[in-house]
Structure formats: C-alpha cells, structure tokens
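Q: Below you'll find entry07.cif; it's mmCIF, C-alpha atoms and all ligand atoms.
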data_structure
#
loop_
_atom_site.label_atom_id
_atom_site.label_comp_id
_atom_site.auth_asym_id
_atom_site.auth_seq_id
_atom_site.Cartn_x
_atom_site.Cartn_y
_atom_site.Cartn_z
CA MET A 1 0.00 0.00 0.00
CA ASP A 2 2.08 2.95 -1.18
CA LEU A 3 0.02 6.07 -0.59
CA TYR A 4 2.93 8.37 0.22
CA ASP A 5 2.30 11.94 -1.00
CA LYS A 6 -0.95 10.90 -2.70
CA ASP A 7 -4.01 13.12 -3.25
CA VAL A 8 -7.37 11.67 -2.23
CA VAL A 9 -9.95 13.36 -4.43
CA SER A 10 -12.17 10.40 -5.31
CA ILE A 11 -12.57 6.84 -4.09
CA ARG A 12 -11.49 5.96 -7.64
CA ASP A 13 -8.01 7.14 -6.63
CA PHE A 14 -7.64 3.84 -4.73
CA THR A 15 -7.27 0.26 -5.88
CA LYS A 16 -9.05 -2.50 -3.99
CA ASP A 17 -5.69 -3.56 -2.51
CA GLN A 18 -5.02 -0.03 -1.29
CA ILE A 19 -8.46 0.18 0.32
CA GLU A 20 -7.90 -3.14 2.08
CA GLY A 21 -4.45 -1.94 3.18
CA ILE A 22 -5.95 1.22 4.73
CA LEU A 23 -8.64 -0.82 6.51
CA ASP A 24 -6.01 -3.20 7.90
CA LEU A 25 -3.93 -0.29 9.16
CA SER A 26 -7.06 1.39 10.57
CA GLU A 27 -7.72 -1.71 12.67
CA LYS A 28 -4.27 -1.35 14.24
CA MET A 29 -4.94 2.34 14.86
CA VAL A 30 -8.02 1.76 17.06
CA PRO A 31 -6.22 1.66 20.44
CA TYR A 32 -4.24 4.76 19.42
CA ALA A 33 -7.46 6.49 18.33
CA LEU A 34 -8.90 5.72 21.77
CA GLY A 35 -5.82 7.14 23.47
CA ASP A 36 -5.08 3.77 25.07
CA LYS A 37 -1.68 3.78 23.35
CA THR A 38 0.40 6.64 22.05
CA GLU A 39 2.31 7.06 18.83
CA ARG A 40 3.77 10.29 17.40
CA THR A 41 4.70 9.19 13.93
CA LEU A 42 3.83 12.57 12.42
CA ASP A 43 5.72 14.73 14.89
CA GLY A 44 6.69 17.99 13.18
CA LYS A 45 4.07 17.73 10.42
CA ILE A 46 1.27 20.26 9.96
CA LEU A 47 -2.22 19.56 8.64
CA GLY A 48 -4.18 22.43 7.04
CA ASN A 49 -7.89 21.84 7.71
CA LEU A 50 -10.02 24.05 5.41
CA PHE A 51 -13.74 23.62 6.01
CA PHE A 52 -15.84 25.96 3.91
CA GLU A 53 -19.04 24.05 4.76
CA PRO A 54 -20.30 23.02 8.21
CA SER A 55 -18.90 19.81 9.68
CA THR A 56 -18.76 18.12 13.05
CA ARG A 57 -17.45 14.62 12.37
CA THR A 58 -15.10 15.07 9.46
CA LYS A 59 -13.35 18.18 10.73
CA LEU A 60 -12.98 17.04 14.32
CA SER A 61 -12.02 13.47 13.47
CA PHE A 62 -9.29 14.71 11.12
CA GLU A 63 -8.06 16.97 13.92
CA SER A 64 -8.23 14.16 16.47
CA ALA A 65 -6.46 11.78 14.06
CA ALA A 66 -3.70 14.32 13.46
CA TYR A 67 -3.17 15.13 17.15
CA ARG A 68 -3.18 11.42 18.09
CA LEU A 69 -0.19 11.00 15.75
CA GLY A 70 1.63 14.12 16.95
CA CYS A 71 0.73 16.19 13.86
CA ASP A 72 -0.16 19.85 14.41
CA VAL A 73 -3.25 21.39 12.84
CA ILE A 74 -3.98 24.83 11.41
CA ASP A 75 -7.55 25.40 10.40
CA VAL A 76 -10.17 27.71 8.94
CA SER A 77 -13.86 27.04 9.40
CA GLU A 78 -15.45 29.89 7.51
CA MET A 79 -14.74 31.32 4.11
CA SER A 80 -15.61 34.76 5.52
CA MET A 81 -12.56 34.50 7.78
CA THR A 82 -10.19 34.06 4.83
CA SER A 83 -9.10 36.49 2.13
CA ILE A 84 -11.55 34.74 -0.21
CA SER A 85 -13.99 37.26 1.28
CA LYS A 86 -11.77 40.00 -0.23
CA GLY A 87 -11.90 38.37 -3.65
CA GLU A 88 -8.96 35.96 -3.52
CA THR A 89 -9.48 32.89 -5.69
CA LEU A 90 -9.62 29.36 -4.26
CA ALA A 91 -6.53 28.53 -6.33
CA ASP A 92 -4.49 31.32 -4.68
CA THR A 93 -5.83 30.42 -1.25
CA ILE A 94 -4.76 26.83 -1.76
CA LYS A 95 -1.28 27.90 -2.90
CA MET A 96 -0.90 29.92 0.30
CA VAL A 97 -2.18 27.25 2.69
CA ASP A 98 0.05 24.78 0.86
CA ALA A 99 3.01 26.94 1.83
CA TYR A 100 2.07 26.72 5.52
CA CYS A 101 1.45 22.99 5.95
CA ASP A 102 2.27 19.48 4.72
CA LEU A 103 -1.22 18.28 3.74
CA ILE A 104 -4.52 20.04 3.02
CA VAL A 105 -7.94 18.66 3.95
CA LEU A 106 -10.65 20.57 2.09
CA ARG A 107 -14.42 20.67 2.43
CA HIS A 108 -16.05 23.01 -0.06
CA PRO A 109 -19.60 23.58 -1.39
CA TYR A 110 -18.62 23.14 -5.04
CA GLU A 111 -18.20 19.82 -6.81
CA GLY A 112 -14.73 19.67 -8.36
CA SER A 113 -13.15 21.99 -5.76
CA ALA A 114 -10.90 19.26 -4.36
CA ARG A 115 -9.68 18.36 -7.85
CA LEU A 116 -8.85 22.02 -8.41
CA ALA A 117 -7.07 22.26 -5.06
CA ALA A 118 -5.00 19.17 -5.87
CA LYS A 119 -3.91 20.84 -9.10
CA PHE A 120 -2.66 23.97 -7.33
CA SER A 121 -1.16 22.37 -4.22
CA ILE A 122 2.29 20.81 -4.20
CA ASN A 123 1.48 18.94 -1.00
CA PRO A 124 -1.27 16.29 -1.02
CA VAL A 125 -4.95 17.26 -0.81
CA ILE A 126 -7.72 15.17 0.77
CA ASN A 127 -11.30 15.78 -0.34
CA ALA A 128 -13.45 16.05 2.80
CA GLY A 129 -16.63 16.55 0.74
CA ASP A 130 -17.08 18.66 -2.39
CA GLY A 131 -20.68 19.79 -2.71
CA ALA A 132 -22.88 16.96 -3.96
CA GLY A 133 -19.79 15.30 -5.46
CA SER A 134 -18.04 12.77 -3.27
CA HIS A 135 -16.63 12.11 0.21
CA PRO A 136 -13.96 9.43 -0.17
CA THR A 137 -12.70 9.33 3.42
CA GLN A 138 -16.28 8.83 4.62
CA THR A 139 -16.39 5.84 2.29
CA LEU A 140 -13.25 4.39 3.86
CA LEU A 141 -14.72 4.61 7.35
CA ASP A 142 -18.04 3.23 6.07
CA LEU A 143 -16.24 0.21 4.59
CA PHE A 144 -14.26 -0.19 7.82
CA THR A 145 -17.51 -0.20 9.82
CA MET A 146 -19.14 -2.77 7.53
CA ARG A 147 -16.09 -5.06 7.60
CA GLU A 148 -15.86 -4.75 11.38
CA ALA A 149 -19.53 -5.73 11.77
CA LYS A 150 -19.78 -8.38 9.07
CA GLY A 151 -16.25 -9.80 9.04
CA THR A 152 -16.01 -9.30 5.28
CA LEU A 153 -16.96 -6.86 2.54
CA ASP A 154 -17.42 -9.51 -0.08
CA GLY A 155 -20.88 -10.03 -1.53
CA LEU A 156 -22.84 -8.00 1.01
CA ASN A 157 -26.39 -6.96 0.30
CA ILE A 158 -26.39 -3.19 0.80
CA VAL A 159 -29.55 -1.07 0.79
CA LEU A 160 -28.87 2.65 0.27
CA VAL A 161 -31.81 4.81 1.33
CA GLY A 162 -32.74 8.49 1.16
CA ASP A 163 -31.16 11.32 -0.78
CA LEU A 164 -29.15 9.41 -3.36
CA LYS A 165 -29.08 12.41 -5.70
CA TYR A 166 -27.35 15.04 -3.54
CA GLY A 167 -25.86 12.75 -0.87
CA ARG A 168 -22.16 12.64 -1.72
CA THR A 169 -21.41 9.85 0.75
CA VAL A 170 -23.53 7.35 -1.16
CA HIS A 171 -21.93 8.25 -4.49
CA SER A 172 -18.45 7.33 -3.25
CA LEU A 173 -19.71 4.36 -1.26
CA ALA A 174 -21.65 2.76 -4.11
CA GLU A 175 -18.60 2.99 -6.37
CA ALA A 176 -16.36 1.40 -3.74
CA LEU A 177 -18.82 -1.40 -3.04
CA THR A 178 -18.64 -2.55 -6.65
CA MET A 179 -15.01 -3.56 -5.98
CA PHE A 180 -16.29 -6.06 -3.41
CA GLY A 181 -19.11 -7.61 -5.41
CA ALA A 182 -21.89 -6.00 -3.40
CA LYS A 183 -25.52 -6.32 -4.35
CA ILE A 184 -26.82 -2.75 -4.20
CA THR A 185 -30.43 -1.63 -3.81
CA LEU A 186 -31.20 2.07 -4.27
CA VAL A 187 -34.23 3.24 -2.27
CA ALA A 188 -35.32 6.82 -3.00
CA PRO A 189 -38.21 8.84 -4.38
CA GLU A 190 -37.79 9.18 -8.15
CA SER A 191 -36.62 12.81 -7.80
CA LEU A 192 -33.80 11.79 -5.42
CA GLN A 193 -32.59 8.65 -7.17
CA MET A 194 -28.89 8.04 -7.82
CA PRO A 195 -27.62 10.19 -10.73
CA ASP A 196 -27.47 8.37 -14.06
CA ASP A 197 -23.72 8.91 -14.45
CA THR A 198 -23.06 7.22 -11.09
CA VAL A 199 -25.39 4.33 -11.99
CA SER A 200 -23.53 3.97 -15.30
CA LEU A 201 -20.23 3.75 -13.40
CA LEU A 202 -21.69 1.00 -11.20
CA GLU A 203 -22.91 -0.87 -14.27
CA GLU A 204 -19.51 -0.59 -15.94
CA LYS A 205 -18.12 -2.40 -12.88
CA GLY A 206 -20.63 -5.23 -13.33
CA CYS A 207 -23.09 -4.12 -10.63
CA ARG A 208 -26.78 -4.05 -11.55
CA PRO A 209 -28.40 -1.91 -8.84
CA VAL A 210 -32.09 -2.43 -8.14
CA LYS A 211 -34.10 0.80 -7.82
CA THR A 212 -37.24 1.20 -5.75
CA ALA A 213 -39.01 3.87 -3.69
CA ILE A 214 -40.44 1.40 -1.17
CA LEU A 215 -38.12 0.44 1.66
CA GLU A 216 -40.56 -2.10 3.11
CA ASP A 217 -40.20 -4.20 -0.06
CA VAL A 218 -36.45 -4.74 0.36
CA ILE A 219 -35.49 -4.27 4.02
CA ASP A 220 -35.67 -7.99 4.79
CA GLN A 221 -32.84 -8.70 2.32
CA ALA A 222 -30.38 -6.15 3.71
CA ASP A 223 -27.11 -6.97 5.45
CA VAL A 224 -26.52 -3.24 5.76
CA LEU A 225 -29.11 -0.47 5.63
CA TYR A 226 -27.34 2.83 4.91
CA ILE A 227 -29.70 5.78 5.24
CA THR A 228 -28.87 9.40 4.47
CA ARG A 229 -30.28 12.80 5.35
CA ILE A 230 -32.20 14.60 2.62
CA GLN A 231 -29.79 17.43 1.85
CA ARG A 232 -32.03 20.46 2.21
CA GLU A 233 -29.17 22.89 1.50
CA ARG A 234 -28.62 21.49 -2.03
CA PHE A 235 -32.20 21.93 -3.30
CA PRO A 236 -32.50 24.85 -5.74
CA ASP A 237 -36.24 25.10 -4.86
CA PRO A 238 -37.30 24.76 -1.17
CA ALA A 239 -40.75 23.57 -2.32
CA GLU A 240 -39.09 20.52 -3.87
CA TYR A 241 -37.47 19.74 -0.52
CA ASP A 242 -40.82 19.98 1.24
CA LYS A 243 -42.25 17.35 -1.13
CA VAL A 244 -39.70 14.70 -0.09
CA ALA A 245 -38.77 15.69 3.49
CA GLY A 246 -39.46 12.90 5.95
CA THR A 247 -40.00 10.24 3.27
CA TYR A 248 -38.08 7.57 5.19
CA ARG A 249 -37.79 6.96 8.92
CA ILE A 250 -36.22 3.93 10.54
CA ASP A 251 -37.90 2.92 13.79
CA ASN A 252 -38.29 -0.28 15.77
CA ALA A 253 -41.49 -1.21 13.93
CA ILE A 254 -39.84 -1.32 10.49
CA LEU A 255 -36.79 -3.06 11.93
CA ARG A 256 -38.99 -6.06 12.83
CA GLU A 257 -38.86 -6.91 9.13
CA ALA A 258 -35.02 -6.88 9.08
CA LYS A 259 -32.52 -9.69 9.64
CA SER A 260 -31.48 -9.81 13.29
CA ASP A 261 -27.85 -9.02 12.37
CA MET A 262 -28.66 -6.30 9.86
CA ILE A 263 -26.83 -3.07 10.73
CA VAL A 264 -28.13 0.47 10.30
CA MET A 265 -25.56 3.03 9.20
CA HIS A 266 -25.86 6.78 8.62
CA PRO A 267 -23.07 9.27 7.84
CA LEU A 268 -24.82 11.71 10.22
CA PRO A 269 -26.07 14.27 11.04
CA ARG A 270 -29.53 12.71 11.22
CA VAL A 271 -32.57 14.96 11.20
CA GLY A 272 -35.36 12.49 11.82
CA GLU A 273 -34.36 9.58 9.53
CA ILE A 274 -33.66 7.32 12.51
CA ALA A 275 -35.84 7.32 15.61
CA PRO A 276 -33.83 7.62 18.86
CA GLU A 277 -35.42 4.32 19.99
CA VAL A 278 -33.18 2.56 17.42
CA ASP A 279 -30.00 3.78 19.16
CA GLY A 280 -30.20 1.07 21.81
CA THR A 281 -30.83 -1.82 19.42
CA GLN A 282 -28.34 -4.33 18.05
CA HIS A 283 -28.87 -2.75 14.63
CA ALA A 284 -27.48 0.71 15.41
CA ARG A 285 -23.94 1.34 14.10
CA TYR A 286 -24.00 5.05 13.26
CA PHE A 287 -22.21 6.39 16.33
CA LYS A 288 -19.57 3.67 16.13
CA GLN A 289 -19.29 4.52 12.43
CA ALA A 290 -18.58 8.17 13.32
CA PHE A 291 -15.92 7.16 15.87
CA ASN A 292 -14.29 4.99 13.19
CA GLY A 293 -13.44 8.19 11.35
CA VAL A 294 -10.55 8.65 13.76
CA PRO A 295 -8.62 5.38 13.24
CA VAL A 296 -9.34 5.42 9.50
CA ARG A 297 -8.14 9.01 9.10
CA MET A 298 -5.11 8.22 11.27
CA ALA A 299 -4.24 5.38 8.90
CA LEU A 300 -4.70 7.63 5.89
CA LEU A 301 -2.69 10.57 7.28
CA ASN A 302 0.06 8.23 8.37
CA ALA A 303 0.26 6.57 4.97
CA ILE A 304 0.18 9.82 2.99
CA LEU A 305 2.63 11.70 5.21
CA GLY A 306 4.98 8.73 5.53
CA GLY A 307 4.78 8.20 9.29
CA GLU A 308 6.96 5.42 10.57
CA LEU A 309 5.01 3.23 12.97
CA ARG A 310 6.84 1.87 15.94
CA TRP A 311 3.78 0.61 17.81
CA ARG A 312 4.78 1.58 21.31
CA THR A 313 3.69 -0.54 24.24
CA SER A 314 0.49 0.24 26.04
CA THR A 315 0.52 3.13 28.47
CA ARG A 316 -3.12 3.30 29.48
CA SER A 317 -6.20 1.22 29.21
CA ARG A 318 -9.57 2.91 29.23
CA ARG A 319 -12.66 3.69 27.20
CA SER A 320 -13.21 0.28 25.70
CA ARG A 321 -16.73 1.09 24.55
CA PHE A 322 -15.71 1.58 20.93
CA LEU A 323 -13.58 -1.56 20.70
CA PRO A 324 -15.07 -4.50 18.78
CA SER A 325 -16.35 -7.10 21.25
CA GLY A 326 -13.64 -9.40 22.50
CA THR A 327 -10.84 -6.90 21.96
CA GLY A 328 -11.25 -4.73 25.04
CA PRO A 329 -8.46 -4.24 27.56
CA SER A 330 -9.31 -7.38 29.51
CA SER A 331 -9.09 -9.56 26.41
CA THR A 332 -6.03 -7.86 24.90
CA THR A 333 -3.07 -10.16 24.65
CA SER A 334 0.49 -8.98 25.22
CA ASN A 335 1.33 -5.95 23.15
CA ALA A 336 4.41 -7.82 21.93
CA ALA A 337 2.07 -9.94 19.81
CA ARG A 338 1.03 -6.85 17.90
CA PRO A 339 2.75 -5.80 14.71
N1 LIG A 401 -20.40 12.47 7.90
C1 LIG A 401 -20.05 13.77 7.80
O1 LIG A 401 -19.46 14.20 6.79
O2 LIG A 401 -20.40 14.53 8.86
P1 LIG A 401 -20.03 16.06 9.08
O3 LIG A 401 -20.76 16.85 8.02
O4 LIG A 401 -20.43 16.40 10.47
O5 LIG A 401 -18.54 16.20 8.85
#
As structure tokens, how would this structure be written, given the file I've shared?
Ligand code: CP
A:
Amino acid sequence: MDLYDKDVVSIRDFTKDQIEGILDLSEKMVPYALGDKTERTLDGKILGNLFFEPSTRTKLSFESAAYRLGCDVIDVSEMSMTSISKGETLADTIKMVDAYCDLIVLRHPYEGSARLAAKFSINPVINAGDGAGSHPTQTLLDLFTMREAKGTLDGLNIVLVGDLKYGRTVHSLAEALTMFGAKITLVAPESLQMPDDTVSLLEEKGCRPVKTAILEDVIDQADVLYITRIQRERFPDPAEYDKVAGTYRIDNAILREAKSDMIVMHPLPRVGEIAPEVDGTQHARYFKQAFNGVPVRMALLNAILGGELRWRTSTRSRRSRFLPSGTGPSSTTSNAARP
C-alpha cells in the first residue's frame, strides 16, 4: 500500500488492494485512536484543515487523528474569515495554505473543488466533501464499519436509502462497493434517485443496482441499511425539498422486518431519519461509524505523510466502549504480539 504523497480526491483514486491496506492499518490504529496507546509518527508535520461548509465529524475526526499522531493542525472554518472574502481565488488560497502545511484537507460547497485544489497544491490534498460530489474518506470509514460488523466486505447486500441524488457519501460508497461484489439496492423517491452517471459507473463495474421507492419491499434482504439525510441545502427550490422531506424513517417497527444481524448506518447528522429508539438496538452502528473516522483518518494521514510506525507498548487502558467485542483491555493479549 504505497500512498505516500498521494491526493485523495475520489474513491477511484484507490485500488481495492489499497483500500484493504488502509482498513487493515485502521484496525491497528483503534487503540491509538482511543488514546489507550500513544504514537507520534507525524511529529513535526502540519495539517491544514479548510472547512468551507459546516462539519462536526469530518473536521474534528481529522483533527483528532492528526493530534493522536503528533501532527499539528492549522484550520479555517469559515470562508468569511479568509481572504476569499476579499476576492482571492480558491486557487491562490490553496497555494498559500500549501506553503504553511504538509497536507490540506478541504471541504467546499462546489463539486470539483478538491480536484482544483490538488492541481494547485504541491502537498497532497484530501477531499473532505465537495458539494454533492463525493466524500472518499467517509467511504473508507463506512467500509471499515461494515467489515468490522460483518467480518467481510465480499458479496454483502447493501440497501442505500434516502437522498441518493445530492448525498455525496452514497456516491463514493456505491462505487467502492462494486469492488467487493456487493448487491446494491437504491431506495429513494424518483426525484432523489442516484444520478445516471453514477449508476452507469456501477454498471460498468458489473453491478446491476435495483431501484425502488419502497423500503418495506427490500429491508428484509439487507445486510446493511445505509440511510442518508435529505440534503435540504442542495435543493434549488425549497418547495421541492418539502415534497420529499421525511420520506423515510427507521424505527423499531420497520426493523422487525429486518434480519437480526442487519446493521443500520448513517453518515450523520440525522434529522429524523432514525428514531432515537433505534439507538439502543443491536442494529445501530452510526455512532460507532462516526468514531471509526478517527482510526481510519489516522491510517490515511500516516500513509500519505509517511509516518513510521513503531507501535509503542500500552501506556493506558480505558474507554473500551468503541472496541469490537472481544478486543477490550481485559481480552487484549500482550502488546508484543502486535505488529
Ligand atoms: N459524515 C459527515 O461528513 O459529517 P459532518 O458533516 O459532520 O462532517
């Protein structure tokens, strides 16, 4: 897995082997992400976190991942606080931030912005979401969460539900799933179905997604139900949003139709798509999924910035709630057995 100095603009920037390599490394990063072990492989490096759209998970998990590896972070959270507000172009802004750090993470409202940033930056750029385009690091943590829960990514039956038109996470995820032979079902109102160009890409990879608007017809087949928020901010006409708002809601009643080991995932934030009563069920994986952003982004930062892992021995043992069952502190074997 040689990802040194690599841009991450699209999930298509990775081969299947590279994705599996990142997921393997992410698994090893979990105790470091929890703070149970320490490792400063990126000491002296600086991450430039540019978030020109709101974010809780992506921004903070990149920061947490960087700090856990000893990497410093400089950041901007609002375009109005940069000289873009004075008329500076994104290209010039990127050139400047590039001069102040070793890697840029960019979230931006326009599709294609990360590709543009990668063109103007000498240092690597990671796309943290470009408008309705894609969100490749979300896909990596989604795959990590599925593999952790199911033991494999091969041949899973994945049901994608909600805003498949504007939801960038499902665009990247569907493409990645084709590498693993997934059976994909697309559940959305006609106006929010997966864009034709993304469906064509899936078909080119040999996937024949099934489309429907009725979740109840397909939920019993799902290994993974991945639901997304309807992206109100991307609708040109608010009246169109009102027509589809609240179309799907996962609650305990609908989950009675699901397999007992089916997992519910959501990139979050949720705004009513999942009833809070689901949080305590065996199906809920969305908060664990959000935590997984830390080890996965640690693995990615480490690989891109060339951190040398020494895997120090354990210093502390706490907060086992996010560890997969059977791997908590009490069941951890000697650290010497670790790579
Ligand atoms: N999943 C995700 O991208 O969440 P944020 O918008 O909070 O970063």
Q: Kindly work out which residues sit at most 8 Å from ligand LIG 401 (chain A), using only C-alpha atoms and all ligand atoms, and give the list as a list in words.
A: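 Here is the list of contacting residues: Pro54, Ser55, Thr56, Arg57, Thr58, Lys59, Leu60, Ala128, Gly129, His135, Gln138, Thr169, His266, Pro267, Leu268, Pro269 and Ala290 of chain A.
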Q: Quick one: of A:Ser121, A:Ser191, A:Tyr67, A:Val218, who's nearest to Leu34 (chain A), counting all atoms listed in the file?
A: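 Using all atoms listed in the file, Leu34 (chain A) sits closest to A:Tyr67.
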Q: Just the residues within 7 Å of Ile263 (chain A), please, counting all atoms listed in the file, with nothing from its chain fewer than 3 positions along; format it as a PDB file with C-alpha atoms, keeping the file's coordinate frame.
A:
ATOM      1  CA  ASP A 223     -27.110  -6.970   5.450  1.00  0.00           C
ATOM      2  CA  VAL A 224     -26.520  -3.240   5.760  1.00  0.00           C
ATOM      3  CA  LEU A 225     -29.110  -0.470   5.630  1.00  0.00           C
ATOM      4  CA  HIS A 283     -28.870  -2.750  14.630  1.00  0.00           C
ATOM      5  CA  ALA A 284     -27.480   0.710  15.410  1.00  0.00           C
ATOM      6  CA  ARG A 285     -23.940   1.340  14.100  1.00  0.00           C
TER       7      ARG A 285
END
Q: Quick one: everything within 10 Å of Glu63 (chain A), counting all atoms listed in the file, minus sequence neighbours fewer than 4 positions away in the same chain. Send it as a compact mmCIF listing (two decimals) with C-alpha atoms, in the frame of the given file.
A:
# COMPACT_ATOMS: atom_id res chain seq x y z
CA LEU A 47 -2.22 19.56 8.64
CA GLY A 48 -4.18 22.43 7.04
CA ASN A 49 -7.89 21.84 7.71
CA ARG A 57 -17.45 14.62 12.37
CA THR A 58 -15.10 15.07 9.46
CA LYS A 59 -13.35 18.18 10.73
CA TYR A 67 -3.17 15.13 17.15
CA ARG A 68 -3.18 11.42 18.09
CA CYS A 71 0.73 16.19 13.86
CA ASP A 72 -0.16 19.85 14.41
CA VAL A 73 -3.25 21.39 12.84
CA ILE A 74 -3.98 24.83 11.41
CA ASP A 75 -7.55 25.40 10.40
CA VAL A 294 -10.55 8.65 13.76
CA ARG A 297 -8.14 9.01 9.10
CA MET A 298 -5.11 8.22 11.27
Q: Quick one: contact table of region 122-201 of chain A to region 6-14 of chain A, 6 Å max, nearest atom pair and distance in Å to one decimal per residue, counting all atoms listed in the file, chain and number order, as CSV?
A:
residue,atom,partner,partner_atom,distance
A:Pro124,CA,A:Asp7,CA,4.7
A:Val125,CA,A:Asp7,CA,4.9
A:Ile126,CA,A:Val8,CA,4.6
A:Asn127,CA,A:Val9,CA,4.9
A:Pro136,CA,A:Ile11,CA,4.9
A:Ser172,CA,A:Ile11,CA,6.0
Q: To one decimal place in Å, what is the distance between CA of Glu27 (chain A) and CA of Glu148 (chain A)?
A: 8.8 Å
Q: List the spatial neighbours of Gly272 (chain A) as a PyMOL selection string - criterion: any atom at most 9 Å away, all atoms listed in the file, same-chain residues fewer than 6 positions off excluded.
A: chain A and resi 229+246+248-250
